[in-house]
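Source file: final.cif; contents: mmCIF, C-alpha atoms.
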```cif
data_work
#
loop_
_atom_site.label_atom_id
_atom_site.label_comp_id
_atom_site.auth_asym_id
_atom_site.auth_seq_id
_atom_site.Cartn_x
_atom_site.Cartn_y
_atom_site.Cartn_z
CA MET A 25 5.86 -11.46 -8.00
CA SER A 26 5.08 -12.24 -4.38
CA ASN A 27 6.34 -15.17 -2.32
CA ILE A 28 3.25 -14.93 -0.13
CA ASN A 29 0.47 -17.49 -0.65
CA TYR A 30 -2.42 -15.12 0.06
CA ASP A 31 -4.49 -12.69 -1.99
CA LEU A 32 -2.51 -9.57 -1.07
CA LYS A 33 -5.10 -7.35 -2.74
CA LYS A 34 -7.31 -7.98 0.31
CA ILE A 35 -4.84 -6.43 2.77
CA ARG A 36 -5.81 -3.01 4.13
CA ALA A 37 -3.89 -3.10 7.42
CA PHE A 38 -0.61 -4.22 8.93
CA ALA A 39 -0.14 -5.07 12.62
CA PHE A 40 3.14 -5.97 14.28
CA ASP A 41 4.58 -7.25 17.50
CA VAL A 42 7.80 -5.40 18.41
CA ASP A 43 10.30 -7.65 20.23
CA GLY A 44 11.46 -10.36 17.85
CA VAL A 45 9.63 -8.85 14.86
CA LEU A 46 10.38 -5.12 14.51
CA SER A 47 13.41 -5.41 16.78
CA THR A 48 15.80 -8.27 17.34
CA ASP A 49 15.07 -10.77 20.06
CA ILE A 50 18.33 -9.90 21.79
CA ILE A 51 17.68 -6.75 23.80
CA PRO A 52 20.46 -4.88 25.57
CA LEU A 53 19.68 -3.42 28.97
CA SER A 54 20.48 0.10 30.05
CA PRO A 55 22.48 0.57 33.28
CA GLU A 56 19.09 1.16 34.97
CA GLY A 57 17.82 -2.23 33.75
CA ASP A 58 15.50 -0.85 31.07
CA PRO A 59 15.30 -2.77 27.78
CA MET A 60 16.70 -0.98 24.73
CA ARG A 61 15.51 -1.99 21.27
CA THR A 62 16.98 -1.90 17.82
CA VAL A 63 15.04 -0.63 14.82
CA ASN A 64 15.42 -1.34 11.14
CA ILE A 65 15.48 1.78 8.98
CA LYS A 66 13.97 -0.01 5.96
CA ASP A 67 11.11 -1.25 8.15
CA GLY A 68 10.56 2.36 9.25
CA TYR A 69 10.49 3.58 5.67
CA ALA A 70 7.94 0.93 4.66
CA LEU A 71 5.74 1.62 7.69
CA GLN A 72 5.52 5.35 7.06
CA LEU A 73 4.91 4.80 3.33
CA ALA A 74 2.09 2.36 4.09
CA ILE A 75 0.43 5.02 6.24
CA LYS A 76 0.83 7.64 3.50
CA LYS A 77 -0.80 5.24 1.05
CA GLY A 78 -3.83 4.81 3.32
CA TYR A 79 -3.19 1.54 5.15
CA GLU A 80 -4.00 1.19 8.83
CA VAL A 81 -0.98 0.19 10.92
CA ALA A 82 -0.93 -1.11 14.49
CA ILE A 83 1.74 -1.99 17.01
CA ILE A 84 0.73 -4.58 19.62
CA THR A 85 3.49 -5.31 22.12
CA GLY A 86 3.80 -6.60 25.65
CA GLY A 87 6.73 -4.27 26.26
CA TYR A 88 6.80 -0.61 27.13
CA THR A 89 9.43 2.04 26.74
CA ASP A 90 9.00 5.66 25.76
CA ALA A 91 11.57 5.20 23.01
CA VAL A 92 9.45 2.55 21.27
CA ARG A 93 6.28 4.63 21.55
CA ILE A 94 8.03 7.75 20.26
CA ARG A 95 9.64 5.88 17.34
CA PHE A 96 6.34 4.55 16.04
CA GLU A 97 4.40 7.77 16.68
CA ARG A 98 7.00 9.65 14.62
CA LEU A 99 6.38 7.24 11.74
CA GLY A 100 2.70 8.23 11.88
CA ILE A 101 1.32 5.13 13.59
CA ARG A 102 -1.82 5.97 15.59
CA HIS A 103 -2.74 2.53 16.89
CA ILE A 104 -0.04 1.69 19.44
CA TYR A 105 -0.86 -0.88 22.12
CA MET A 106 1.85 -1.29 24.74
CA ARG A 107 1.90 -3.48 27.86
CA SER A 108 -0.46 -5.75 25.96
CA SER A 109 -0.83 -8.70 28.30
CA VAL A 110 -3.46 -10.43 26.14
CA LYS A 111 -2.87 -9.34 22.56
CA ILE A 112 -6.18 -10.61 21.18
CA ASN A 113 -7.98 -7.97 23.28
CA ASP A 114 -5.95 -5.14 21.78
CA TYR A 115 -6.25 -6.61 18.29
CA ASN A 116 -10.05 -6.69 18.69
CA ASP A 117 -9.98 -3.05 19.81
CA PHE A 118 -7.99 -2.18 16.66
CA ILE A 119 -10.55 -4.03 14.50
CA GLU A 120 -13.43 -2.25 16.21
CA LYS A 121 -11.85 1.21 15.84
CA THR A 122 -10.97 0.75 12.17
CA GLY A 123 -13.95 -1.30 10.96
CA LEU A 124 -11.62 -3.80 9.29
CA LYS A 125 -12.42 -7.44 8.62
CA HIS A 126 -9.97 -10.08 9.82
CA ASP A 127 -9.11 -11.17 6.27
CA GLU A 128 -7.98 -7.59 5.52
CA VAL A 129 -5.29 -7.66 8.21
CA MET A 130 -1.70 -8.92 8.14
CA TYR A 131 -0.19 -9.60 11.57
CA ALA A 132 3.45 -10.47 12.21
CA GLY A 133 4.40 -12.17 15.45
CA ASP A 134 7.21 -14.38 16.68
CA ASP A 135 6.20 -16.05 19.93
CA ILE A 136 3.39 -17.64 21.94
CA PRO A 137 1.65 -14.35 22.99
CA ASP A 138 1.01 -13.73 19.26
CA PHE A 139 -0.63 -17.13 18.66
CA GLU A 140 -4.31 -16.15 19.12
CA VAL A 141 -4.09 -13.08 16.90
CA MET A 142 -2.25 -15.01 14.20
CA GLN A 143 -5.04 -17.60 14.10
CA LEU A 144 -7.64 -14.87 13.51
CA VAL A 145 -6.10 -12.62 10.85
CA GLY A 146 -6.17 -13.20 7.12
CA LEU A 147 -2.40 -13.17 6.68
CA SER A 148 -0.26 -14.36 9.59
CA VAL A 149 3.47 -13.75 9.21
CA ALA A 150 6.44 -15.09 11.19
CA PRO A 151 10.06 -13.97 11.04
CA ALA A 152 12.56 -16.64 9.95
CA ASP A 153 13.67 -17.06 13.59
CA ALA A 154 10.19 -17.24 15.18
CA ALA A 155 9.22 -19.89 17.73
CA PRO A 156 8.31 -23.25 16.14
CA GLU A 157 4.68 -23.01 17.29
CA ILE A 158 4.32 -19.68 15.49
CA LYS A 159 6.02 -20.85 12.31
CA GLN A 160 3.65 -23.81 12.26
CA ILE A 161 0.54 -21.57 12.04
CA ALA A 162 2.01 -18.75 9.91
CA ARG A 163 0.72 -18.46 6.35
CA TYR A 164 4.03 -16.83 5.41
CA ILE A 165 7.46 -17.19 6.97
CA SER A 166 9.63 -14.23 6.02
CA ILE A 167 13.17 -14.80 4.79
CA ARG A 168 14.11 -12.06 7.29
CA LYS A 169 14.84 -12.54 10.98
CA GLY A 170 13.18 -10.35 13.59
CA GLY A 171 14.57 -6.82 13.49
CA GLU A 172 16.14 -7.39 10.09
CA GLY A 173 13.41 -6.25 7.71
CA VAL A 174 10.30 -8.37 8.31
CA ALA A 175 7.98 -5.36 8.01
CA ARG A 176 9.67 -4.17 4.83
CA ASP A 177 9.35 -7.66 3.36
CA VAL A 178 5.59 -7.98 3.82
CA ILE A 179 4.66 -4.34 3.25
CA GLU A 180 6.67 -4.13 0.04
CA GLN A 181 5.22 -7.37 -1.35
CA THR A 182 1.68 -6.27 -0.45
CA MET A 183 2.03 -2.77 -1.88
CA LYS A 184 3.60 -4.09 -5.08
CA ALA A 185 0.69 -6.53 -5.51
CA GLN A 186 -1.66 -3.54 -5.17
CA ASP A 187 0.42 -1.25 -7.44
CA LYS A 188 1.03 1.15 -4.53
CA TRP A 189 4.77 0.69 -3.91
CA MET A 190 6.14 3.47 -6.08
CA GLY A 191 4.65 6.90 -6.65
CA GLN A 192 5.25 10.47 -5.61
CA GLU A 193 4.86 9.63 -1.88
CA ALA A 194 7.72 7.12 -2.14
CA PHE A 195 10.39 9.77 -2.60
CA GLY A 196 10.28 11.41 0.80
CA TRP A 197 9.87 10.83 4.49
#
```

Could you write out this file's structure as structure tokens?
Amino acid sequence: MSNINYDLKKIRAFAFDVDGVLSTDIIPLSPEGDPMRTVNIKDGYALQLAIKKGYEVAIITGGYTDAVRIRFERLGIRHIYMRSSVKINDYNDFIEKTGLKHDEVMYAGDDIPDFEVMQLVGLSVAPADAAPEIKQIARYISIRKGGEGVARDVIEQTMKAQDKWMGQEAFGW
């Protein structure tokens, strides 16, 4: 049974911000001043399984590091938008390339740059520690904080609602 007040059977795609959603909002800096991110292994598992099961997945982030790009490419994500200064533009590019409708997309964001996209998608998701403005417009507020399993939370609930969570693909990376 899902905690999400949305018809999860509509969802065909998942899109995520990185900082504050797929990684914590506290980012250590390397000695050179480059941001270093954390990743959640259970988020990674859910992301790669979603791709295996035929969902489209996108990353739309204002940040840029090779490590982030490599991490998500290795999980099989093809739609990676980095240095996204106006996220709605990259979201629209994702929609155009995939032929999806807005109500078929779940987007998780945590701060003001995510606001426009979250108003457009069918299912807008905020981590438990998102900015108040984002929580106010989110259709679902995860019980998880950013970097602590937000993607796993929404992907698992969606795939269970569609009877796609378990199966032969679930038992491997």

Go through the shown structure with the PyMOL selection byres ((chain A and resi 100) around 9) and write out the matching residues as an MDAnalysis selection string.
chainID A and resid 71:72 75:76 81 96:99 101:102

Can you write out the residues you just picked, keeping C-alpha atoms, as a PDB file, in the coordinates of the input?
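See again.pdb below for the written result:
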```pdb
ATOM      1  CA  LEU A  71       5.740   1.620   7.690  1.00  0.00           C
ATOM      2  CA  GLN A  72       5.520   5.350   7.060  1.00  0.00           C
ATOM      3  CA  ILE A  75       0.430   5.020   6.240  1.00  0.00           C
ATOM      4  CA  LYS A  76       0.830   7.640   3.500  1.00  0.00           C
ATOM      5  CA  VAL A  81      -0.980   0.190  10.920  1.00  0.00           C
ATOM      6  CA  PHE A  96       6.340   4.550  16.040  1.00  0.00           C
ATOM      7  CA  GLU A  97       4.400   7.770  16.680  1.00  0.00           C
ATOM      8  CA  ARG A  98       7.000   9.650  14.620  1.00  0.00           C
ATOM      9  CA  LEU A  99       6.380   7.240  11.740  1.00  0.00           C
ATOM     10  CA  ILE A 101       1.320   5.130  13.590  1.00  0.00           C
ATOM     11  CA  ARG A 102      -1.820   5.970  15.590  1.00  0.00           C
TER      12      ARG A 102
END
```

Using all atoms listed in the file, determine which residues lie at most 7 Å from range 176-178 of chain A, disregarding the query and same-chain residues fewer than 4 positions distant; provide the list as a ChimeraX atom specification.
/A:66-67,70,182

Among listed residues A:Leu32, A:Leu147, A:Ala91, A:Ala37, nearest Arg61 in chain A (using all atoms listed in the file)
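For Arg61 in chain A, the nearest of the given residues is A:Ala91.
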
Write out as a list of chain:residue names which residues come within 10 Å of Val92 in chain A when counting all atoms listed in the file, dropping same-chain ones fewer than 3 positions away.
A:Val42, A:Ser47, A:Met60, A:Arg61, A:Thr62, A:Val63, A:Ile83, A:Thr85, A:Gly87, A:Tyr88, A:Thr89, A:Arg95, A:Phe96, A:Glu97, A:Ile104, A:Met106

Which residues, protein or nucleic acid, reach to within 12 Å of (-1.6, -3.4, -2.6) in the file's coordinates when using all atoms listed in the file, and can you give that as a JSON list (two decimals) with C-alpha atoms, keeping the file's coordinate frame?
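Listed below is the output, point.json:
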```
[["chain", "number", "residue", "atom", "x", "y", "z"],
["A", 26, "SER", "CA", 5.08, -12.24, -4.38],
["A", 31, "ASP", "CA", -4.49, -12.69, -1.99],
["A", 32, "LEU", "CA", -2.51, -9.57, -1.07],
["A", 33, "LYS", "CA", -5.10, -7.35, -2.74],
["A", 34, "LYS", "CA", -7.31, -7.98, 0.31],
["A", 35, "ILE", "CA", -4.84, -6.43, 2.77],
["A", 36, "ARG", "CA", -5.81, -3.01, 4.13],
["A", 37, "ALA", "CA", -3.89, -3.10, 7.42],
["A", 38, "PHE", "CA", -0.61, -4.22, 8.93],
["A", 74, "ALA", "CA", 2.09, 2.36, 4.09],
["A", 77, "LYS", "CA", -0.80, 5.24, 1.05],
["A", 78, "GLY", "CA", -3.83, 4.81, 3.32],
["A", 79, "TYR", "CA", -3.19, 1.54, 5.15],
["A", 128, "GLU", "CA", -7.98, -7.59, 5.52],
["A", 178, "VAL", "CA", 5.59, -7.98, 3.82],
["A", 179, "ILE", "CA", 4.66, -4.34, 3.25],
["A", 180, "GLU", "CA", 6.67, -4.13, 0.04],
["A", 181, "GLN", "CA", 5.22, -7.37, -1.35],
["A", 182, "THR", "CA", 1.68, -6.27, -0.45],
["A", 183, "MET", "CA", 2.03, -2.77, -1.88],
["A", 184, "LYS", "CA", 3.60, -4.09, -5.08],
["A", 185, "ALA", "CA", 0.69, -6.53, -5.51],
["A", 186, "GLN", "CA", -1.66, -3.54, -5.17],
["A", 187, "ASP", "CA", 0.42, -1.25, -7.44],
["A", 188, "LYS", "CA", 1.03, 1.15, -4.53],
["A", 189, "TRP", "CA", 4.77, 0.69, -3.91],
["A", 190, "MET", "CA", 6.14, 3.47, -6.08]]
```

Min atom-atom distance to Gly68 in chain A from the set A:Leu46, A:Ala155, A:Ile51, A:Ile161, counting only C-alpha atoms, belongs to A:Leu46

Straight-line distance linking CA of His126 in chain A with CA of Ala39 in chain A, stated in Å to one decimal
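We find that CA of His126 in chain A and CA of Ala39 in chain A lie 11.4 Å from each other.
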
Because the input lacks atoms here, generate N, CA, C and O atoms for range 29-43 of chain A and report them as a short mmCIF file (atom, residue, chain, number, x, y, z; two decimals), in the frame of the given file.
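Output below, filename rebuild_0.cif:
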```cif
data_model
loop_
_atom_site.label_atom_id
_atom_site.label_comp_id
_atom_site.auth_asym_id
_atom_site.auth_seq_id
_atom_site.Cartn_x
_atom_site.Cartn_y
_atom_site.Cartn_z
N ASN A 29 1.62 -16.73 -0.17
CA ASN A 29 0.47 -17.49 -0.65
C ASN A 29 -0.80 -16.95 0.00
O ASN A 29 -1.37 -17.58 0.90
N TYR A 30 -1.21 -15.76 -0.44
CA TYR A 30 -2.42 -15.12 0.06
C TYR A 30 -2.79 -14.05 -0.94
O TYR A 30 -1.91 -13.47 -1.60
N ASP A 31 -4.05 -13.75 -1.08
CA ASP A 31 -4.49 -12.69 -1.99
C ASP A 31 -4.16 -11.34 -1.35
O ASP A 31 -4.93 -10.80 -0.56
N LEU A 32 -3.00 -10.81 -1.69
CA LEU A 32 -2.51 -9.57 -1.07
C LEU A 32 -3.37 -8.36 -1.40
O LEU A 32 -3.30 -7.34 -0.72
N LYS A 33 -4.20 -8.46 -2.41
CA LYS A 33 -5.10 -7.35 -2.74
C LYS A 33 -6.15 -7.13 -1.67
O LYS A 33 -6.76 -6.07 -1.61
N LYS A 34 -6.36 -8.11 -0.80
CA LYS A 34 -7.31 -7.98 0.31
C LYS A 34 -6.76 -7.12 1.45
O LYS A 34 -7.53 -6.56 2.24
N ILE A 35 -5.45 -7.05 1.59
CA ILE A 35 -4.84 -6.43 2.77
C ILE A 35 -5.04 -4.92 2.79
O ILE A 35 -4.71 -4.21 1.85
N ARG A 36 -5.60 -4.44 3.91
CA ARG A 36 -5.81 -3.01 4.13
C ARG A 36 -5.11 -2.52 5.40
O ARG A 36 -5.11 -1.33 5.70
N ALA A 37 -4.53 -3.47 6.15
CA ALA A 37 -3.89 -3.10 7.42
C ALA A 37 -2.74 -4.04 7.75
O ALA A 37 -2.76 -5.21 7.37
N PHE A 38 -1.77 -3.47 8.46
CA PHE A 38 -0.61 -4.22 8.93
C PHE A 38 -0.52 -4.04 10.44
O PHE A 38 -0.61 -2.92 10.94
N ALA A 39 -0.32 -5.14 11.17
CA ALA A 39 -0.14 -5.07 12.62
C ALA A 39 1.10 -5.88 12.98
O ALA A 39 1.36 -6.93 12.39
N PHE A 40 1.85 -5.37 13.94
CA PHE A 40 3.14 -5.97 14.28
C PHE A 40 3.36 -6.04 15.78
O PHE A 40 3.06 -5.10 16.51
N ASP A 41 3.95 -7.15 16.19
CA ASP A 41 4.58 -7.25 17.50
C ASP A 41 5.90 -6.47 17.36
O ASP A 41 6.35 -6.20 16.25
N VAL A 42 6.53 -6.13 18.47
CA VAL A 42 7.80 -5.40 18.41
C VAL A 42 8.98 -6.35 18.66
O VAL A 42 9.75 -6.64 17.75
N ASP A 43 9.13 -6.83 19.88
CA ASP A 43 10.30 -7.65 20.23
C ASP A 43 10.31 -8.96 19.44
O ASP A 43 9.38 -9.75 19.52
#
```
